[in-house]
$ cat run34.txt   # compact mmCIF, C-alpha atoms
# COMPACT_ATOMS: atom_id res chain seq x y z
CA MET A 1 116.89 -32.16 -96.45
CA ARG A 2 118.92 -32.62 -99.62
CA ARG A 3 117.13 -32.78 -102.96
CA MET A 4 117.81 -35.87 -105.02
CA ARG A 5 117.63 -36.40 -108.73
CA TRP A 6 114.81 -38.91 -108.46
CA PRO A 7 111.92 -37.65 -110.63
CA TRP A 8 109.04 -38.29 -108.25
CA ARG A 9 106.44 -36.92 -110.69
CA LEU A 10 104.27 -35.81 -107.83
CA PRO A 11 100.98 -34.05 -108.38
CA THR A 12 102.00 -30.88 -106.56
CA ARG A 13 105.78 -30.69 -106.45
CA THR A 14 108.96 -32.61 -107.06
CA TRP A 15 110.95 -33.54 -103.99
CA GLY A 16 113.56 -36.02 -103.08
CA HIS A 17 115.18 -36.89 -99.78
CA ASP A 18 118.21 -38.45 -98.23
CA SER A 19 117.76 -41.39 -95.93
CA ALA A 20 116.55 -39.43 -92.87
CA MET A 21 112.81 -39.44 -93.43
CA TYR A 22 109.61 -41.22 -92.45
CA LEU A 23 107.68 -43.32 -94.95
CA VAL A 24 103.99 -44.09 -94.52
CA VAL A 25 102.57 -46.98 -96.54
CA PHE A 26 98.78 -46.97 -96.39
CA ARG A 27 97.35 -50.13 -97.93
CA ASN A 28 93.58 -50.29 -98.14
CA ARG A 29 90.54 -51.84 -99.72
CA LYS A 30 87.21 -50.06 -100.03
CA ARG A 31 83.83 -51.65 -99.34
CA SER A 32 81.59 -52.27 -102.29
CA GLY A 33 78.79 -49.80 -102.81
CA ILE A 34 80.40 -46.77 -101.19
CA ASP A 35 79.59 -43.23 -102.33
CA GLN A 36 82.49 -42.79 -104.76
CA GLN A 37 82.01 -39.07 -105.20
CA THR A 38 82.04 -38.34 -101.48
CA TYR A 39 85.13 -40.47 -101.12
CA ALA A 40 86.87 -38.82 -104.08
CA ASP A 41 86.04 -35.34 -102.78
CA ALA A 42 87.45 -36.17 -99.35
CA ALA A 43 90.58 -37.72 -100.87
CA ALA A 44 91.14 -34.65 -103.05
CA ARG A 45 90.71 -32.39 -100.02
CA MET A 46 93.32 -34.41 -98.09
CA GLU A 47 95.74 -34.19 -101.03
CA GLU A 48 95.23 -30.43 -100.89
CA LEU A 49 95.77 -30.17 -97.12
CA ALA A 50 98.68 -32.58 -96.59
CA PRO A 51 101.26 -30.58 -98.60
CA ALA A 52 100.58 -27.59 -96.33
CA GLN A 53 101.72 -29.60 -93.27
CA PRO A 54 105.23 -28.98 -91.88
CA GLY A 55 107.56 -31.78 -92.96
CA PHE A 56 105.44 -32.98 -95.88
CA LEU A 57 107.62 -34.33 -98.69
CA SER A 58 105.45 -36.29 -101.11
CA PHE A 59 102.26 -38.24 -101.68
CA LYS A 60 101.35 -40.71 -104.39
CA SER A 61 98.67 -43.37 -104.83
CA TYR A 62 98.84 -46.72 -106.65
CA THR A 63 96.19 -49.34 -107.41
CA ALA A 64 96.49 -53.13 -107.73
CA ALA A 65 94.73 -55.16 -110.40
CA ASP A 66 92.08 -56.19 -107.83
CA GLY A 67 91.38 -52.60 -106.76
CA GLU A 68 93.46 -52.60 -103.57
CA VAL A 69 95.21 -49.25 -103.12
CA VAL A 70 98.56 -48.26 -101.68
CA ALA A 71 99.17 -44.62 -100.83
CA LEU A 72 102.79 -43.70 -100.13
CA SER A 73 103.55 -40.52 -98.24
CA GLU A 74 106.94 -39.25 -97.22
CA TRP A 75 107.60 -36.98 -94.25
CA ALA A 76 110.66 -35.26 -92.85
CA ASP A 77 110.32 -37.27 -89.63
CA GLU A 78 107.89 -39.30 -87.55
CA ALA A 79 106.67 -36.23 -85.67
CA ALA A 80 105.61 -34.62 -88.94
CA ALA A 81 103.73 -37.75 -90.02
CA ARG A 82 101.99 -38.00 -86.65
CA ALA A 83 101.05 -34.32 -86.66
CA TRP A 84 99.28 -34.88 -89.99
CA GLY A 85 97.51 -37.88 -88.44
CA ARG A 86 96.17 -35.57 -85.72
CA GLN A 87 95.19 -32.67 -88.00
CA ALA A 88 91.53 -31.89 -87.22
CA GLU A 89 90.01 -32.18 -90.68
CA HIS A 90 92.11 -35.27 -91.39
CA LEU A 91 90.95 -36.89 -88.14
CA ALA A 92 87.33 -36.38 -89.17
CA VAL A 93 87.98 -37.97 -92.56
CA GLN A 94 89.78 -40.91 -90.94
CA ALA A 95 86.69 -41.55 -88.81
CA GLN A 96 84.47 -41.28 -91.89
CA GLY A 97 86.77 -43.75 -93.64
CA ARG A 98 86.39 -46.34 -90.91
CA SER A 99 82.62 -45.89 -90.63
CA GLN A 100 81.78 -45.67 -94.35
CA TRP A 101 84.56 -46.54 -96.81
CA TYR A 102 87.21 -49.02 -95.77
CA ALA A 103 86.75 -52.78 -95.73
CA ASP A 104 90.24 -53.01 -94.24
CA TYR A 105 93.54 -51.21 -94.16
CA THR A 106 97.06 -51.56 -92.89
CA LEU A 107 99.23 -48.53 -92.28
CA PHE A 108 102.96 -49.16 -92.07
CA GLY A 109 105.09 -46.39 -90.52
CA CYS A 110 108.79 -46.68 -91.40
CA ASN A 111 111.37 -44.52 -89.66
CA ASN A 112 114.55 -43.86 -91.67
CA PRO A 113 114.10 -46.77 -94.07
CA ARG A 114 117.15 -48.23 -95.74
CA LEU A 115 117.29 -46.70 -99.24
CA HIS A 116 118.63 -47.98 -102.54
CA THR A 117 118.18 -45.78 -105.56
CA PHE A 118 118.94 -46.16 -109.24
CA ILE A 119 118.65 -43.67 -112.08
CA HIS A 120 119.36 -44.68 -115.66
CA GLU A 121 121.86 -42.13 -116.95
CA ASP A 122 120.90 -42.30 -120.61
CA PRO A 123 117.14 -42.91 -120.79
CA ALA A 124 115.98 -44.63 -123.95
CA MET B 1 104.62 -65.42 -86.80
CA ARG B 2 100.98 -65.00 -85.90
CA ARG B 3 98.38 -64.98 -88.66
CA MET B 4 96.15 -61.93 -88.79
CA ARG B 5 92.68 -61.54 -90.16
CA TRP B 6 93.77 -59.10 -92.85
CA PRO B 7 92.69 -60.54 -96.20
CA TRP B 8 95.82 -59.88 -98.22
CA ARG B 9 94.37 -61.38 -101.42
CA LEU B 10 97.79 -62.50 -102.52
CA PRO B 11 98.33 -64.32 -105.79
CA THR B 12 99.80 -67.42 -104.18
CA ARG B 13 98.74 -67.52 -100.55
CA THR B 14 97.13 -65.55 -97.77
CA TRP B 15 99.39 -64.50 -94.95
CA GLY B 16 99.37 -61.92 -92.25
CA HIS B 17 101.93 -60.91 -89.70
CA ASP B 18 102.41 -59.21 -86.39
CA SER B 19 104.65 -56.20 -86.19
CA ALA B 20 107.97 -58.09 -86.28
CA MET B 21 108.65 -58.21 -89.99
CA TYR B 22 110.55 -56.47 -92.78
CA LEU B 23 108.74 -54.50 -95.46
CA VAL B 24 110.31 -53.80 -98.85
CA VAL B 25 108.77 -50.99 -100.93
CA PHE B 26 110.12 -51.09 -104.47
CA ARG B 27 109.04 -48.00 -106.41
CA ASN B 28 110.02 -47.93 -110.07
CA ARG B 29 109.45 -46.51 -113.50
CA LYS B 30 110.25 -48.36 -116.69
CA ARG B 31 111.93 -46.82 -119.72
CA SER B 32 109.83 -46.33 -122.80
CA GLY B 33 110.26 -48.87 -125.56
CA ILE B 34 111.36 -51.82 -123.42
CA ASP B 35 110.62 -55.41 -124.44
CA GLN B 36 107.42 -55.87 -122.43
CA GLN B 37 107.23 -59.61 -122.92
CA THR B 38 110.77 -60.22 -121.70
CA TYR B 39 110.09 -58.01 -118.71
CA ALA B 40 106.77 -59.73 -117.94
CA ASP B 41 108.34 -63.18 -118.22
CA ALA B 42 111.12 -62.21 -115.81
CA ALA B 43 108.66 -60.65 -113.37
CA ALA B 44 106.50 -63.76 -113.43
CA ARG B 45 109.55 -65.94 -112.82
CA MET B 46 110.51 -63.80 -109.80
CA GLU B 47 106.97 -64.07 -108.42
CA GLU B 48 107.34 -67.82 -108.75
CA LEU B 49 110.75 -67.95 -107.04
CA ALA B 50 110.27 -65.47 -104.20
CA PRO B 51 107.60 -67.47 -102.33
CA ALA B 52 110.02 -70.40 -102.15
CA GLN B 53 112.52 -68.28 -100.18
CA PRO B 54 112.74 -68.78 -96.39
CA GLY B 55 110.91 -65.97 -94.60
CA PHE B 56 108.80 -64.91 -97.57
CA LEU B 57 105.42 -63.57 -96.42
CA SER B 58 103.76 -61.74 -99.29
CA PHE B 59 104.19 -59.89 -102.58
CA LYS B 60 101.86 -57.53 -104.37
CA SER B 61 102.23 -54.95 -107.13
CA TYR B 62 100.37 -51.66 -107.64
CA THR B 63 100.43 -49.12 -110.48
CA ALA B 64 99.93 -45.34 -110.41
CA ALA B 65 97.93 -43.42 -112.99
CA ASP B 66 101.19 -42.37 -114.71
CA GLY B 67 102.50 -45.94 -114.94
CA GLU B 68 104.86 -45.80 -111.95
CA VAL B 69 104.80 -49.08 -110.05
CA VAL B 70 105.14 -49.96 -106.38
CA ALA B 71 105.83 -53.56 -105.43
CA LEU B 72 105.37 -54.38 -101.75
CA SER B 73 106.99 -57.48 -100.34
CA GLU B 74 106.93 -58.64 -96.77
CA TRP B 75 109.58 -60.80 -95.13
CA ALA B 76 109.98 -62.40 -91.73
CA ASP B 77 113.09 -60.31 -91.10
CA GLU B 78 115.78 -58.28 -92.81
CA ALA B 79 118.04 -61.32 -93.28
CA ALA B 80 115.30 -63.05 -95.28
CA ALA B 81 114.80 -59.99 -97.50
CA ARG B 82 118.54 -59.67 -98.07
CA ALA B 83 118.90 -63.37 -98.87
CA TRP B 84 116.31 -62.96 -101.62
CA GLY B 85 118.25 -59.96 -102.90
CA ARG B 86 121.31 -62.22 -103.24
CA GLN B 87 119.51 -65.19 -104.81
CA ALA B 88 121.43 -66.04 -107.99
CA GLU B 89 118.64 -65.88 -110.55
CA HIS B 90 117.22 -62.78 -108.88
CA LEU B 91 120.64 -61.07 -109.00
CA ALA B 92 120.82 -61.70 -112.75
CA VAL B 93 117.36 -60.20 -113.25
CA GLN B 94 118.27 -57.18 -111.12
CA ALA B 95 121.24 -56.53 -113.40
CA GLN B 96 119.03 -56.94 -116.46
CA GLY B 97 116.59 -54.47 -114.91
CA ARG B 98 119.24 -51.81 -114.49
CA SER B 99 120.71 -52.34 -117.96
CA GLN B 100 117.44 -52.70 -119.91
CA TRP B 101 114.22 -51.83 -118.09
CA TYR B 102 114.31 -49.26 -115.31
CA ALA B 103 114.41 -45.52 -115.84
CA ASP B 104 114.72 -45.16 -112.09
CA TYR B 105 113.78 -46.89 -108.86
CA THR B 106 113.87 -46.42 -105.13
CA LEU B 107 113.84 -49.39 -102.80
CA PHE B 108 112.85 -48.67 -99.20
CA GLY B 109 113.70 -51.34 -96.62
CA CYS B 110 111.68 -51.00 -93.39
CA ASN B 111 112.58 -53.04 -90.34
CA ASN B 112 109.69 -53.69 -87.94
CA PRO B 113 107.48 -50.86 -89.19
CA ARG B 114 104.90 -49.40 -86.88
CA LEU B 115 101.57 -51.02 -87.81
CA HIS B 116 97.98 -49.82 -87.61
CA THR B 117 95.30 -52.10 -88.93
CA PHE B 118 91.56 -51.83 -89.37
CA ILE B 119 89.01 -54.40 -90.46
CA HIS B 120 85.38 -53.51 -90.95
CA GLU B 121 83.40 -56.01 -88.90
CA ASP B 122 80.25 -55.98 -90.96
CA PRO B 123 81.23 -55.47 -94.60
CA ALA B 124 78.56 -53.87 -96.75

$ encode --input "run34.txt" --output "structure tokens"
Amino acid sequence: MRRMRWPWRLPTRTWGHDSAMYLVVFRNRKRSGIDQQTYADAAARMEELAPAQPGFLSFKSYTAADGEVVALSEWADEAAARAWGRQAEHLAVQAQGRSQWYADYTLFGCNNPRLHTFIHEDPA
Amino acid sequence: MRRMRWPWRLPTRTWGHDSAMYLVVFRNRKRSGIDQQTYADAAARMEELAPAQPGFLSFKSYTAADGEVVALSEWADEAAARAWGRQAEHLAVQAQGRSQWYADYTLFGCNNPRLHTFIHEDPA
């Protein structure tokens, strides 16, 4: 796994990748009236656990103007992403998410996506 | 292309898809000090043009706490996504983006991603 110059600005570390990787795009909307603190605590715990998984490369979360969220995570390969999906504490939180938090979600799993990168050589 | 029940809440239309599709994940950071109005005008023009392309399914943009942006677009297939990438006005804006706006970007192109969806049946 070669490091790239892309400045990922990740919360826990800075990684890059070449094109052999697995990208997970988790797009979700929460229900109204959920317990925000419980959700935030669980999310923080997952962000703490995921980087300890073999093959973890990066995680970052983004929010749309209407509150919809996309969480991108990058993994060395599909097996690594799936192993995280089966991690015991993560499984419990996934079940809690479906029963209490999510109005809907779509998870896209992308094996070896085609990559185009650009880095401005002389940043203003 | 079967419609799904996922409420995409798109700016221009509501579409869904089954698993045969092409997902483009465009992750980018702008330089500091860019002309925000020129950028916003160009982005709005692209959001107007893209839905007129054959095979366009959806577009939505999300922002991270640090200002990094992810734009997700969905296409019927890779050929449709690539045709949009070669559209004349879009090509000109891409060049403008590299010369004036972007500090860096990564574009992931995902052919027929693995999909998992969830919809809460009785929204709170």

$ residues_around --input "run34.txt" --residues "region 87-94 of chain B" --least-positions-apart "2" --cutoff "10 Å" --atoms "only C-alpha atoms" --output "list in words"
Tyr39, Ala42, Ala43, Arg45, Met46, Leu49, Ala50, Gln53, Arg82, Ala83, Trp84, Gly85, Gln96, Gly97, Arg98, Ser99, Gln100, Trp101 and Tyr102 of chain B

$ calpha_fit_and_write --input "run34.txt" --fixed "chain A" --moving "chain B" --output "compact mmCIF listing (two decimals) with C-alpha atoms, in the coordinates of the input"
# COMPACT_ATOMS: atom_id res chain seq x y z
CA MET B 1 116.96 -32.21 -96.47
CA ARG B 2 118.97 -32.69 -99.62
CA ARG B 3 117.18 -32.85 -102.96
CA MET B 4 117.83 -35.95 -105.02
CA ARG B 5 117.63 -36.46 -108.73
CA TRP B 6 114.79 -38.95 -108.47
CA PRO B 7 111.92 -37.64 -110.60
CA TRP B 8 109.03 -38.29 -108.24
CA ARG B 9 106.42 -36.93 -110.67
CA LEU B 10 104.27 -35.77 -107.81
CA PRO B 11 100.96 -34.04 -108.39
CA THR B 12 101.95 -30.86 -106.58
CA ARG B 13 105.73 -30.67 -106.44
CA THR B 14 108.92 -32.59 -107.03
CA TRP B 15 110.90 -33.50 -103.97
CA GLY B 16 113.53 -35.99 -103.06
CA HIS B 17 115.16 -36.87 -99.80
CA ASP B 18 118.19 -38.46 -98.24
CA SER B 19 117.74 -41.41 -95.97
CA ALA B 20 116.56 -39.45 -92.90
CA MET B 21 112.82 -39.43 -93.43
CA TYR B 22 109.62 -41.21 -92.45
CA LEU B 23 107.69 -43.30 -94.96
CA VAL B 24 103.99 -44.07 -94.51
CA VAL B 25 102.57 -46.98 -96.54
CA PHE B 26 98.78 -46.96 -96.38
CA ARG B 27 97.35 -50.13 -97.92
CA ASN B 28 93.57 -50.29 -98.15
CA ARG B 29 90.53 -51.83 -99.73
CA LYS B 30 87.21 -50.06 -100.03
CA ARG B 31 83.84 -51.66 -99.34
CA SER B 32 81.60 -52.29 -102.29
CA GLY B 33 78.78 -49.82 -102.83
CA ILE B 34 80.40 -46.79 -101.20
CA ASP B 35 79.59 -43.25 -102.34
CA GLN B 36 82.49 -42.79 -104.75
CA GLN B 37 82.01 -39.08 -105.20
CA THR B 38 82.03 -38.35 -101.48
CA TYR B 39 85.13 -40.48 -101.11
CA ALA B 40 86.87 -38.81 -104.07
CA ASP B 41 86.03 -35.34 -102.77
CA ALA B 42 87.46 -36.17 -99.35
CA ALA B 43 90.59 -37.71 -100.86
CA ALA B 44 91.15 -34.65 -103.03
CA ARG B 45 90.71 -32.39 -100.01
CA MET B 46 93.32 -34.41 -98.08
CA GLU B 47 95.74 -34.18 -101.01
CA GLU B 48 95.23 -30.43 -100.88
CA LEU B 49 95.77 -30.18 -97.11
CA ALA B 50 98.67 -32.58 -96.59
CA PRO B 51 101.24 -30.58 -98.60
CA ALA B 52 100.58 -27.59 -96.34
CA GLN B 53 101.71 -29.60 -93.28
CA PRO B 54 105.22 -28.97 -91.89
CA GLY B 55 107.56 -31.77 -92.98
CA PHE B 56 105.44 -32.96 -95.88
CA LEU B 57 107.63 -34.34 -98.68
CA SER B 58 105.47 -36.30 -101.11
CA PHE B 59 102.25 -38.24 -101.68
CA LYS B 60 101.34 -40.70 -104.38
CA SER B 61 98.67 -43.36 -104.82
CA TYR B 62 98.84 -46.70 -106.65
CA THR B 63 96.19 -49.32 -107.41
CA ALA B 64 96.50 -53.11 -107.75
CA ALA B 65 94.72 -55.15 -110.40
CA ASP B 66 92.09 -56.18 -107.82
CA GLY B 67 91.37 -52.59 -106.75
CA GLU B 68 93.47 -52.59 -103.57
CA VAL B 69 95.22 -49.25 -103.13
CA VAL B 70 98.57 -48.26 -101.67
CA ALA B 71 99.17 -44.61 -100.83
CA LEU B 72 102.79 -43.69 -100.13
CA SER B 73 103.55 -40.51 -98.24
CA GLU B 74 106.93 -39.25 -97.21
CA TRP B 75 107.60 -36.98 -94.25
CA ALA B 76 110.66 -35.27 -92.84
CA ASP B 77 110.32 -37.27 -89.63
CA GLU B 78 107.89 -39.29 -87.56
CA ALA B 79 106.67 -36.22 -85.66
CA ALA B 80 105.60 -34.61 -88.94
CA ALA B 81 103.72 -37.75 -90.02
CA ARG B 82 102.00 -38.00 -86.64
CA ALA B 83 101.05 -34.32 -86.66
CA TRP B 84 99.27 -34.87 -89.98
CA GLY B 85 97.51 -37.87 -88.45
CA ARG B 86 96.17 -35.55 -85.72
CA GLN B 87 95.18 -32.67 -88.01
CA ALA B 88 91.54 -31.88 -87.22
CA GLU B 89 89.99 -32.18 -90.67
CA HIS B 90 92.10 -35.26 -91.40
CA LEU B 91 90.94 -36.89 -88.14
CA ALA B 92 87.31 -36.38 -89.17
CA VAL B 93 87.96 -37.97 -92.56
CA GLN B 94 89.76 -40.90 -90.93
CA ALA B 95 86.68 -41.55 -88.82
CA GLN B 96 84.46 -41.29 -91.89
CA GLY B 97 86.76 -43.76 -93.64
CA ARG B 98 86.38 -46.35 -90.91
CA SER B 99 82.61 -45.89 -90.63
CA GLN B 100 81.79 -45.66 -94.36
CA TRP B 101 84.55 -46.55 -96.81
CA TYR B 102 87.22 -49.03 -95.77
CA ALA B 103 86.77 -52.78 -95.73
CA ASP B 104 90.23 -53.02 -94.24
CA TYR B 105 93.56 -51.21 -94.17
CA THR B 106 97.08 -51.56 -92.89
CA LEU B 107 99.23 -48.52 -92.28
CA PHE B 108 102.97 -49.15 -92.06
CA GLY B 109 105.09 -46.39 -90.52
CA CYS B 110 108.80 -46.67 -91.41
CA ASN B 111 111.37 -44.52 -89.66
CA ASN B 112 114.54 -43.86 -91.66
CA PRO B 113 114.12 -46.77 -94.06
CA ARG B 114 117.15 -48.22 -95.74
CA LEU B 115 117.29 -46.70 -99.24
CA HIS B 116 118.64 -47.97 -102.54
CA THR B 117 118.18 -45.79 -105.57
CA PHE B 118 118.95 -46.16 -109.25
CA ILE B 119 118.67 -43.68 -112.09
CA HIS B 120 119.37 -44.66 -115.66
CA GLU B 121 121.88 -42.15 -116.97
CA ASP B 122 120.93 -42.31 -120.61
CA PRO B 123 117.17 -42.91 -120.81
CA ALA B 124 116.01 -44.63 -123.97

$ residues_near_point --input "run34.txt" --point "(101.5, -52.2, -83.1)" --cutoff "12 Å" --atoms "only C-alpha atoms" --output "PyMOL selection string"
(chain A and resi 106-109) or (chain B and resi 17-21+112-118)

$ closest_residue --input "run34.txt" --among "A:Ile119, A:Cys110, A:Ala76, A:Leu23" --to "Pro54 (chain A)" --atoms "all atoms listed in the file"
A:Ala76

$ atom_distance --input "run34.txt" --atom1 "CA of Thr63 (chain B)" --atom2 "CA of Val70 (chain A)"
9.0 Å

$ atom_distance --input "run34.txt" --atom1 "CA of Glu121 (chain B)" --atom2 "CA of Ala103 (chain A)"
8.3 Å

$ residues_near_point --input "run34.txt" --point "(110.1, -49.7, -110.9)" --cutoff "6 Å" --atoms "only C-alpha atoms" --output "JSON, numbers by chain"
{"B": [27, 28, 29, 30, 69, 105]}

$ atom_distance --input "run34.txt" --atom1 "CA of Ser32 (chain A)" --atom2 "CA of Phe26 (chain B)"
28.6 Å
